[in-house]
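Trainee: Quick one, target-v3.cif (mmCIF, C-alpha atoms):
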data_start
#
loop_
_atom_site.label_atom_id
_atom_site.label_comp_id
_atom_site.auth_asym_id
_atom_site.auth_seq_id
_atom_site.Cartn_x
_atom_site.Cartn_y
_atom_site.Cartn_z
CA MET A 1 104.09 165.19 100.39
CA VAL A 2 101.47 164.58 103.11
CA GLN A 3 100.34 168.20 102.79
CA THR A 4 100.20 167.88 98.98
CA ASP A 5 98.06 164.75 99.35
CA LYS A 6 95.56 166.67 101.45
CA VAL A 7 95.47 169.72 99.16
CA LEU A 8 94.84 167.50 96.12
CA GLU A 9 92.58 165.22 98.20
CA PHE A 10 94.74 162.34 97.02
CA ASP A 11 94.59 161.05 100.60
CA LYS A 12 90.85 160.45 100.12
CA VAL A 13 91.51 158.64 96.85
CA LYS A 14 94.06 156.44 98.61
CA GLU A 15 91.58 155.61 101.38
CA LYS A 16 89.13 154.24 98.82
CA TRP A 17 91.96 152.58 96.91
CA MET A 18 93.19 150.74 100.03
CA GLU A 19 89.73 149.24 100.53
CA LEU A 20 90.11 147.50 97.16
CA ALA A 21 93.34 145.70 98.16
CA LEU A 22 93.46 142.47 100.18
CA THR A 23 97.07 142.02 101.30
CA GLU A 24 98.71 144.18 103.93
CA TRP A 25 101.71 144.70 101.65
CA ALA A 26 99.49 146.20 98.90
CA LYS A 27 97.68 148.40 101.42
CA GLU A 28 101.00 149.75 102.71
CA LYS A 29 102.26 150.34 99.17
CA ILE A 30 99.09 152.29 98.37
CA LYS A 31 99.50 154.31 101.56
CA ASP A 32 103.09 155.20 100.57
CA THR A 33 102.27 155.98 96.92
CA VAL A 34 103.62 159.34 95.72
CA PRO A 35 103.51 161.08 92.30
CA ILE A 36 105.84 159.49 89.72
CA MET A 37 108.36 161.86 88.15
CA SER A 38 109.79 159.45 85.57
CA GLU A 39 107.92 159.31 82.24
CA ASN A 40 108.96 155.72 81.51
CA GLU A 41 107.94 154.49 84.96
CA LEU A 42 104.65 156.37 84.75
CA LEU A 43 103.81 154.83 81.38
CA ALA A 44 104.63 151.35 82.72
CA ARG A 45 102.43 151.83 85.80
CA GLN A 46 99.59 153.16 83.63
CA ARG A 47 99.85 150.15 81.36
CA GLU A 48 99.53 147.86 84.39
CA THR A 49 96.37 149.67 85.47
CA SER A 50 94.80 149.54 82.02
CA GLU A 51 95.62 145.84 81.61
CA ALA A 52 94.27 145.01 85.08
CA ARG A 53 91.06 146.86 84.31
CA GLU A 54 90.70 145.08 80.98
CA LEU A 55 91.14 141.66 82.62
CA LEU A 56 88.60 142.60 85.29
CA GLU A 57 86.10 143.58 82.61
CA LYS A 58 86.70 140.46 80.51
CA SER A 59 87.22 137.77 83.18
CA GLY A 60 85.91 139.17 86.47
CA ASN A 61 87.75 139.57 89.76
CA PRO A 62 90.88 137.42 90.22
CA PRO A 63 90.78 134.93 93.14
CA LEU A 64 93.21 136.90 95.31
CA VAL A 65 93.47 136.27 99.07
CA SER A 66 94.97 138.18 102.00
CA LEU A 67 97.58 135.49 102.92
CA SER A 68 97.52 136.73 106.51
CA GLY A 69 100.09 134.92 108.64
CA ILE A 70 101.47 132.73 105.81
CA ARG A 71 104.87 134.42 105.66
CA GLU A 72 105.24 133.93 109.43
CA CYS A 73 104.50 130.20 108.97
CA ILE A 74 107.19 129.91 106.31
CA GLN A 75 109.75 131.68 108.49
CA LYS A 76 108.83 129.50 111.47
CA ALA A 77 109.31 126.33 109.44
CA ALA A 78 112.58 127.63 108.00
CA LYS A 79 113.93 127.98 111.56
CA GLY A 80 113.20 124.30 112.17
CA ASP A 81 110.14 124.86 114.35
CA CYS A 82 107.05 122.66 114.18
CA LEU A 83 103.98 124.14 112.50
CA SER A 84 100.62 123.53 114.10
CA ILE A 85 97.74 121.74 112.40
CA SER A 86 95.93 125.03 111.76
CA GLN A 87 99.09 126.61 110.32
CA LEU A 88 99.57 123.69 107.93
CA GLU A 89 95.92 123.95 106.90
CA ASP A 90 96.47 127.66 106.21
CA MET A 91 99.53 126.74 104.15
CA GLU A 92 97.48 124.32 102.07
CA LYS A 93 94.75 126.95 101.56
CA SER A 94 97.38 129.44 100.38
CA LEU A 95 98.64 126.92 97.80
CA VAL A 96 95.06 126.34 96.62
CA ALA A 97 94.80 130.13 96.25
CA VAL A 98 98.00 130.16 94.17
CA MET A 99 96.58 127.41 91.96
CA ARG A 100 93.31 129.30 91.42
CA LEU A 101 95.08 132.55 90.63
CA LYS A 102 97.43 130.78 88.22
CA ASN A 103 94.43 129.19 86.48
CA TYR A 104 92.69 132.58 86.28
CA LEU A 105 95.71 134.22 84.65
CA SER A 106 96.21 131.25 82.33
CA ARG A 107 92.62 131.62 81.07
CA CYS A 108 93.22 135.33 80.58
CA LYS A 109 96.02 134.64 78.09
CA GLN A 110 93.36 134.32 75.41
CA TRP A 111 93.12 138.13 75.45
CA GLU A 112 96.84 138.50 74.66
CA ILE A 113 97.36 140.85 77.62
CA SER A 114 100.86 140.79 79.05
CA LEU A 115 99.66 140.93 82.69
CA ALA A 116 98.15 137.45 82.23
CA TYR A 117 101.63 135.98 81.73
CA TYR A 118 102.44 136.59 85.39
CA ASP A 119 101.00 133.08 85.83
CA GLU A 120 104.40 131.74 84.83
CA LYS A 121 105.88 133.26 88.01
CA LEU A 122 103.51 131.31 90.28
CA ASP A 123 104.25 127.74 91.43
CA CYS A 124 101.37 125.66 92.84
CA LEU A 125 103.75 123.20 94.56
CA ASP A 126 101.31 120.34 93.98
CA ASN A 127 103.44 117.84 95.91
CA LEU A 128 103.41 119.93 99.09
CA LYS A 129 99.73 120.83 98.73
CA GLU A 130 98.61 117.23 98.19
CA THR A 131 100.80 115.86 100.98
CA ILE A 132 99.34 118.29 103.50
CA SER A 133 95.77 117.67 102.31
CA MET A 134 96.22 113.89 102.64
CA GLN A 135 97.69 114.03 106.14
CA ILE A 136 95.75 116.94 107.67
CA ARG A 137 91.96 116.85 107.42
CA ASN A 138 89.13 118.60 109.28
CA GLY A 139 91.42 120.14 111.87
CA ARG A 140 93.25 116.93 112.85
CA ILE A 141 95.94 114.58 111.61
CA ASP A 142 94.22 111.94 109.49
CA ASP A 143 94.24 108.33 110.72
CA ASN A 144 95.93 107.23 107.50
CA ALA A 145 98.71 109.83 107.69
CA SER A 146 101.00 106.92 108.61
CA LYS A 147 100.69 103.18 109.24
CA ASP A 148 101.95 103.59 112.81
CA LEU A 149 99.40 106.29 113.62
CA LYS A 150 96.58 104.14 112.23
CA SER A 151 97.78 101.20 114.31
CA PHE A 152 98.01 103.23 117.55
CA ARG A 153 94.57 104.76 117.07
CA ASP A 154 92.99 101.39 116.26
CA GLU A 155 94.48 99.93 119.44
CA ILE A 156 93.28 102.90 121.49
CA GLU A 157 89.77 102.50 120.10
CA GLN A 158 89.80 98.76 120.81
CA ASN A 159 90.99 99.25 124.41
CA GLU A 160 88.45 102.02 125.04
CA ARG A 161 85.68 99.75 123.73
CA CYS A 162 86.79 96.96 126.05
CA MET A 163 86.85 99.38 128.99
CA ARG A 164 83.29 100.54 128.28
CA GLU A 165 82.11 96.95 128.02
CA LYS A 166 83.74 96.05 131.36
CA VAL A 167 82.28 99.13 133.07
CA ASP A 168 78.79 98.39 131.72
CA ALA A 169 79.07 94.83 133.01
CA VAL A 170 80.00 96.05 136.52
CA ILE A 171 77.11 98.54 136.51
CA ARG A 172 74.58 95.86 135.48
CA ALA A 173 75.82 93.51 138.21
CA ASN A 174 75.81 96.13 141.01
CA LYS A 175 72.84 98.45 140.39
CA GLU A 176 71.77 98.48 144.06
CA SER A 177 75.27 99.63 145.11
CA LEU A 178 75.40 102.64 142.82
CA SER A 179 74.09 106.16 143.30
CA ASP A 180 73.70 106.51 139.49
CA HIS A 181 73.63 103.94 136.72
CA PHE A 182 76.27 105.46 134.48
CA SER A 183 80.06 105.76 134.38
CA THR A 184 82.00 109.01 134.59
CA LEU A 185 85.53 110.19 133.85
CA ARG A 186 87.54 111.31 136.86
CA ASN A 187 91.21 112.33 136.62
CA GLY A 188 91.50 110.39 133.36
CA HIS A 189 90.00 107.21 134.82
CA ILE A 190 86.62 105.66 133.96
CA CYS A 191 84.77 105.33 137.25
CA ILE A 192 81.38 104.28 138.57
CA PRO A 193 79.57 106.21 141.36
CA VAL A 194 79.34 103.86 144.33
CA LYS A 195 77.37 104.53 147.52
CA LYS A 196 79.80 104.91 150.40
CA GLU A 197 78.31 102.00 152.39
CA TYR A 198 79.00 99.64 149.46
CA LYS A 199 82.64 100.69 149.11
CA TYR A 200 84.04 97.19 149.73
CA LYS A 201 81.59 95.43 147.46
CA ILE A 202 83.17 96.86 144.30
CA GLU A 203 86.73 95.72 143.73
CA GLY A 204 88.83 98.60 142.47
CA ASN A 205 90.58 101.89 143.27
CA VAL A 206 88.85 104.97 144.71
CA ILE A 207 89.76 107.81 142.38
CA ASP A 208 87.55 110.59 143.74
CA LYS A 209 84.53 111.29 145.94
CA SER A 210 81.53 113.60 145.89
CA SER A 211 81.50 116.90 147.78
CA THR A 212 79.32 115.34 150.52
CA GLY A 213 81.44 112.19 150.68
CA SER A 214 78.37 109.98 150.27
CA THR A 215 79.46 108.79 146.81
CA LEU A 216 82.83 107.30 145.90
CA PHE A 217 84.05 107.19 142.31
CA ILE A 218 85.72 103.83 141.89
CA GLU A 219 87.69 102.51 138.94
CA PRO A 220 86.80 98.79 138.76
CA SER A 221 89.79 96.42 138.75
CA SER A 222 88.58 94.87 135.50
CA VAL A 223 88.87 98.32 133.93
CA GLY A 224 92.02 99.59 135.62
CA LYS A 225 94.29 97.13 133.83
CA TYR A 226 93.54 98.96 130.56
CA TYR A 227 94.50 102.38 131.95
CA GLU A 228 98.28 101.99 131.72
CA THR A 229 98.04 100.39 128.28
CA LEU A 230 95.95 103.32 127.02
CA ARG A 231 98.34 105.84 128.60
CA LEU A 232 101.28 104.34 126.73
CA LEU A 233 99.33 104.09 123.47
CA ARG A 234 98.37 107.77 123.69
CA ILE A 235 102.02 108.71 124.26
CA HIS A 236 102.95 106.74 121.12
CA GLU A 237 100.09 108.41 119.23
CA GLU A 238 101.22 111.89 120.32
CA ASN A 239 104.84 111.19 119.38
CA GLU A 240 103.80 109.97 115.95
CA GLU A 241 101.59 113.04 115.45
CA TYR A 242 104.54 115.30 116.25
CA ARG A 243 106.75 113.34 113.88
CA ILE A 244 104.22 113.89 111.07
CA LEU A 245 103.90 117.61 111.87
CA TYR A 246 107.68 118.03 111.91
CA SER A 247 107.95 116.17 108.61
CA LEU A 248 105.37 118.46 106.97
CA SER A 249 107.05 121.53 108.48
CA ALA A 250 110.37 120.39 107.00
CA MET A 251 108.71 120.13 103.57
CA VAL A 252 107.49 123.71 103.93
CA ALA A 253 111.04 124.78 104.83
CA ASP A 254 112.42 123.01 101.76
CA TYR A 255 110.16 125.16 99.55
CA GLU A 256 110.83 128.39 101.45
CA GLU A 257 112.19 130.32 98.45
CA ILE A 258 109.35 129.34 96.10
CA LEU A 259 106.71 130.04 98.76
CA GLU A 260 108.19 133.49 99.38
CA GLN A 261 108.18 134.17 95.64
CA ASN A 262 104.52 133.14 95.44
CA ILE A 263 103.59 135.51 98.24
CA SER A 264 105.53 138.40 96.70
CA MET A 265 103.85 137.78 93.34
CA ILE A 266 100.36 137.64 94.86
CA GLU A 267 101.05 140.88 96.74
CA LYS A 268 102.24 142.55 93.55
CA LEU A 269 99.20 141.34 91.61
CA ASP A 270 96.93 142.47 94.42
CA PHE A 271 98.40 145.97 94.12
CA ILE A 272 98.08 146.00 90.33
CA PHE A 273 94.49 144.73 90.32
CA SER A 274 93.54 147.20 93.06
CA LYS A 275 94.47 149.95 90.56
CA GLY A 276 92.23 148.35 87.96
CA LYS A 277 89.37 148.12 90.47
CA LEU A 278 89.81 151.79 91.36
CA SER A 279 89.73 152.72 87.68
CA LEU A 280 86.45 150.84 87.31
CA ALA A 281 85.04 152.45 90.46
CA TYR A 282 85.76 155.94 89.08
CA ASP A 283 84.95 155.00 85.49
CA GLY A 284 88.44 156.27 84.72
CA THR A 285 90.16 156.82 81.39
CA GLU A 286 93.87 156.33 80.73
CA PRO A 287 95.36 159.80 80.10
CA LYS A 288 97.88 160.52 77.38
CA ILE A 289 101.16 161.75 78.81
CA ASN A 290 103.18 164.64 77.36
CA THR A 291 106.46 166.26 78.37
CA GLU A 292 105.46 169.73 77.22
CA ARG A 293 104.17 170.83 80.62
CA TYR A 294 100.49 171.26 79.76
CA ILE A 295 97.23 169.58 80.81
CA ARG A 296 94.17 169.38 78.56
CA ILE A 297 90.95 168.17 80.17
CA GLU A 298 88.26 166.97 77.76
CA ASP A 299 84.65 166.74 78.96
CA GLY A 300 85.88 167.43 82.48
#
Once you've parsed the file, please lay out its structure as structure tokens.

Mentor:
Amino acid sequence: MVQTDKVLEFDKVKEKWMELALTEWAKEKIKDTVPIMSENELLARQRETSEARELLEKSGNPPLVSLSGIRECIQKAAKGDCLSISQLEDMEKSLVAVMRLKNYLSRCKQWEISLAYYDEKLDCLDNLKETISMQIRNGRIDDNASKDLKSFRDEIEQNERCMREKVDAVIRANKESLSDHFSTLRNGHICIPVKKEYKYKIEGNVIDKSSTGSTLFIEPSSVGKYYETLRLLRIHEENEEYRILYSLSAMVADYEEILEQNISMIEKLDFIFSKGKLSLAYDGTEPKINTERYIRIEDG
């Protein structure tokens, strides 16, 4: 069949055809396409192409997407693993894509074309989509994803503000003892740069020193007491973040079957519409099929 493809230059047609598809599944299906020997199947496939082309002409390109990596996310969640923030964002985007495609097909029903009724096989899963969008925003877990998370983050912010105020107070009171009038973060501790000869004037712990040894980075005692509190709060924050991610991942797992069906339907529609796009690109005409073993080319 590979040799036949080359003789007929069908391989070149398939190369252009593949460029019009978005999903890897559709591209592979195009690559593996061979001549159809069944009249009924051929007529059905032709009807798909003609309907896809008609919808493209009447309503424009459908909002199809590649869905790269989405199936892997579903399978990961189904195994009980925790999806990352970016994976959950991708999941939400895929559900938005399903919604847009469903709306596109629903609008196309006005033309009474059977392909438009594929919208009934797509499920937007509004509950899952809205839950993810409320809890994951701008690449992070939203403060209001849970009451506990909001509480932990508020306490962290309050303690960090108190630490900065204490550090600023120490800097203002000891300007002559410092090599620079600003604080710095060393090994997770907020420190001030103290000249070596003034080491004992600043009460606190030496966390680090400069390469020359002339400057010591000291965490003032008034600041140090907040360090352990912040460390524990950040552990609580991280645990709560993981709990939220696991909860969302479990929701994805619960909808595994529907999500898989959505992907399969989008892949199928991508393949069908790629045929319609190819027909438009070639300004093609649907041929009439006969079983009498003859070909008549008009205005060829």

Trainee: Go through A:Thr291, A:Ser183, A:Ser274, A:Ser146 one by one, measure the shortest atom-to-atom distance of each to Ile30 (chain A) using all atoms listed in the file, and give the residue with the smallest value.

Mentor: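 Between A:Thr291, A:Ser183, A:Ser274, A:Ser146, the residue approaching Ile30 (chain A) most closely is A:Ser274.
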
Trainee: Neighbours of Ile272 (chain A) within 8 Å (only C-alpha atoms; same-chain residues fewer than 6 positions away dropped), as number ranges by chain?

Mentor: A: 48-49, 52

Trainee: So that I can check the surroundings of region 262-265 of chain A, please list as a list of chain:residue names every protein, DNA and RNA residue that reaches within 8 Å of it, counting only C-alpha atoms and ignoring chain neighbours fewer than 4 positions away.

Mentor: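 The contact residues come out as A:Leu67, A:Arg71, A:Val98, A:Lys121, A:Leu122, A:Asp123, A:Ile258, A:Leu269.
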
Trainee: Between A:Met134, A:Leu280, A:Cys82, A:Ile192, which residue has the minimum interatomic distance to Leu55 (chain A), considering all atoms listed in the file?

Mentor: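 Looking at the shortest contact to Leu55 (chain A), the residue is A:Leu280.
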
Trainee: Grab the CA of Ala77 (chain A) to CA of Ala21 (chain A) distance for me, in Å with one decimal place.

Mentor: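 So the two atoms, CA of Ala77 (chain A) and CA of Ala21 (chain A), lie 27.5 Å apart.
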
Trainee: Between A:Asn40, A:Thr131, A:Gln261, A:Ser179, which is the closest to Leu88 (chain A) once you count all atoms listed in the file?

Mentor: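 For Leu88 (chain A), the nearest of the given residues is A:Thr131.
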
Trainee: I need the residue set behind the PyMOL selection byres ((chain A and resi 193) around 9) for this file; please write it as a PDB file with C-alpha atoms, in the frame of the given file.

Mentor:
ATOM      1  CA  SER A 177      75.270  99.630 145.110  1.00  0.00           C
ATOM      2  CA  LEU A 178      75.400 102.640 142.820  1.00  0.00           C
ATOM      3  CA  SER A 179      74.090 106.160 143.300  1.00  0.00           C
ATOM      4  CA  ASP A 180      73.700 106.510 139.490  1.00  0.00           C
ATOM      5  CA  HIS A 181      73.630 103.940 136.720  1.00  0.00           C
ATOM      6  CA  PHE A 182      76.270 105.460 134.480  1.00  0.00           C
ATOM      7  CA  SER A 183      80.060 105.760 134.380  1.00  0.00           C
ATOM      8  CA  THR A 184      82.000 109.010 134.590  1.00  0.00           C
ATOM      9  CA  CYS A 191      84.770 105.330 137.250  1.00  0.00           C
ATOM     10  CA  ILE A 192      81.380 104.280 138.570  1.00  0.00           C
ATOM     11  CA  VAL A 194      79.340 103.860 144.330  1.00  0.00           C
ATOM     12  CA  LYS A 195      77.370 104.530 147.520  1.00  0.00           C
ATOM     13  CA  LYS A 209      84.530 111.290 145.940  1.00  0.00           C
ATOM     14  CA  SER A 210      81.530 113.600 145.890  1.00  0.00           C
ATOM     15  CA  THR A 215      79.460 108.790 146.810  1.00  0.00           C
ATOM     16  CA  LEU A 216      82.830 107.300 145.900  1.00  0.00           C
ATOM     17  CA  PHE A 217      84.050 107.190 142.310  1.00  0.00           C
ATOM     18  CA  ILE A 218      85.720 103.830 141.890  1.00  0.00           C
TER      19      ILE A 218
END

Trainee: May I ask for the distance between CA of Met37 (chain A) and CA of Ser50 (chain A), given in Å to one decimal place?

Mentor: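 Pair CA of Met37 (chain A) / CA of Ser50 (chain A) returns 19.3 Å.
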
Trainee: Quick one: pull the distance between CA of Arg231 (chain A) and CA of Ile156 (chain A), Å, one decimal.

Mentor: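 Here the two named atoms are 9.2 Å from each other.
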
Trainee: Once the PyMOL selection byres ((chain A and resi 241-250) around 10) has been evaluated on this model, what residues remain selected, and can you format them as an MDAnalysis selection string?

Mentor: chainID A and resid 73:74 76:85 87:88 128 131:132 135:136 140:143 145:146 148:149 235:240 251:256

Trainee: Next, write the just-selected residues to a file, as a CSV table (one decimal), in the frame of the given file, keeping C-alpha atoms as the atom set.

Mentor:
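Saved as part_14.csv:
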chain,number,residue,atom,x,y,z
A,73,CYS,CA,104.5,130.2,109.0
A,74,ILE,CA,107.2,129.9,106.3
A,76,LYS,CA,108.8,129.5,111.5
A,77,ALA,CA,109.3,126.3,109.4
A,78,ALA,CA,112.6,127.6,108.0
A,79,LYS,CA,113.9,128.0,111.6
A,80,GLY,CA,113.2,124.3,112.2
A,81,ASP,CA,110.1,124.9,114.4
A,82,CYS,CA,107.0,122.7,114.2
A,83,LEU,CA,104.0,124.1,112.5
A,84,SER,CA,100.6,123.5,114.1
A,85,ILE,CA,97.7,121.7,112.4
A,87,GLN,CA,99.1,126.6,110.3
A,88,LEU,CA,99.6,123.7,107.9
A,128,LEU,CA,103.4,119.9,99.1
A,131,THR,CA,100.8,115.9,101.0
A,132,ILE,CA,99.3,118.3,103.5
A,135,GLN,CA,97.7,114.0,106.1
A,136,ILE,CA,95.8,116.9,107.7
A,140,ARG,CA,93.2,116.9,112.8
A,141,ILE,CA,95.9,114.6,111.6
A,142,ASP,CA,94.2,111.9,109.5
A,143,ASP,CA,94.2,108.3,110.7
A,145,ALA,CA,98.7,109.8,107.7
A,146,SER,CA,101.0,106.9,108.6
A,148,ASP,CA,102.0,103.6,112.8
A,149,LEU,CA,99.4,106.3,113.6
A,235,ILE,CA,102.0,108.7,124.3
A,236,HIS,CA,103.0,106.7,121.1
A,237,GLU,CA,100.1,108.4,119.2
A,238,GLU,CA,101.2,111.9,120.3
A,239,ASN,CA,104.8,111.2,119.4
A,240,GLU,CA,103.8,110.0,116.0
A,251,MET,CA,108.7,120.1,103.6
A,252,VAL,CA,107.5,123.7,103.9
A,253,ALA,CA,111.0,124.8,104.8
A,254,ASP,CA,112.4,123.0,101.8
A,255,TYR,CA,110.2,125.2,99.6
A,256,GLU,CA,110.8,128.4,101.4
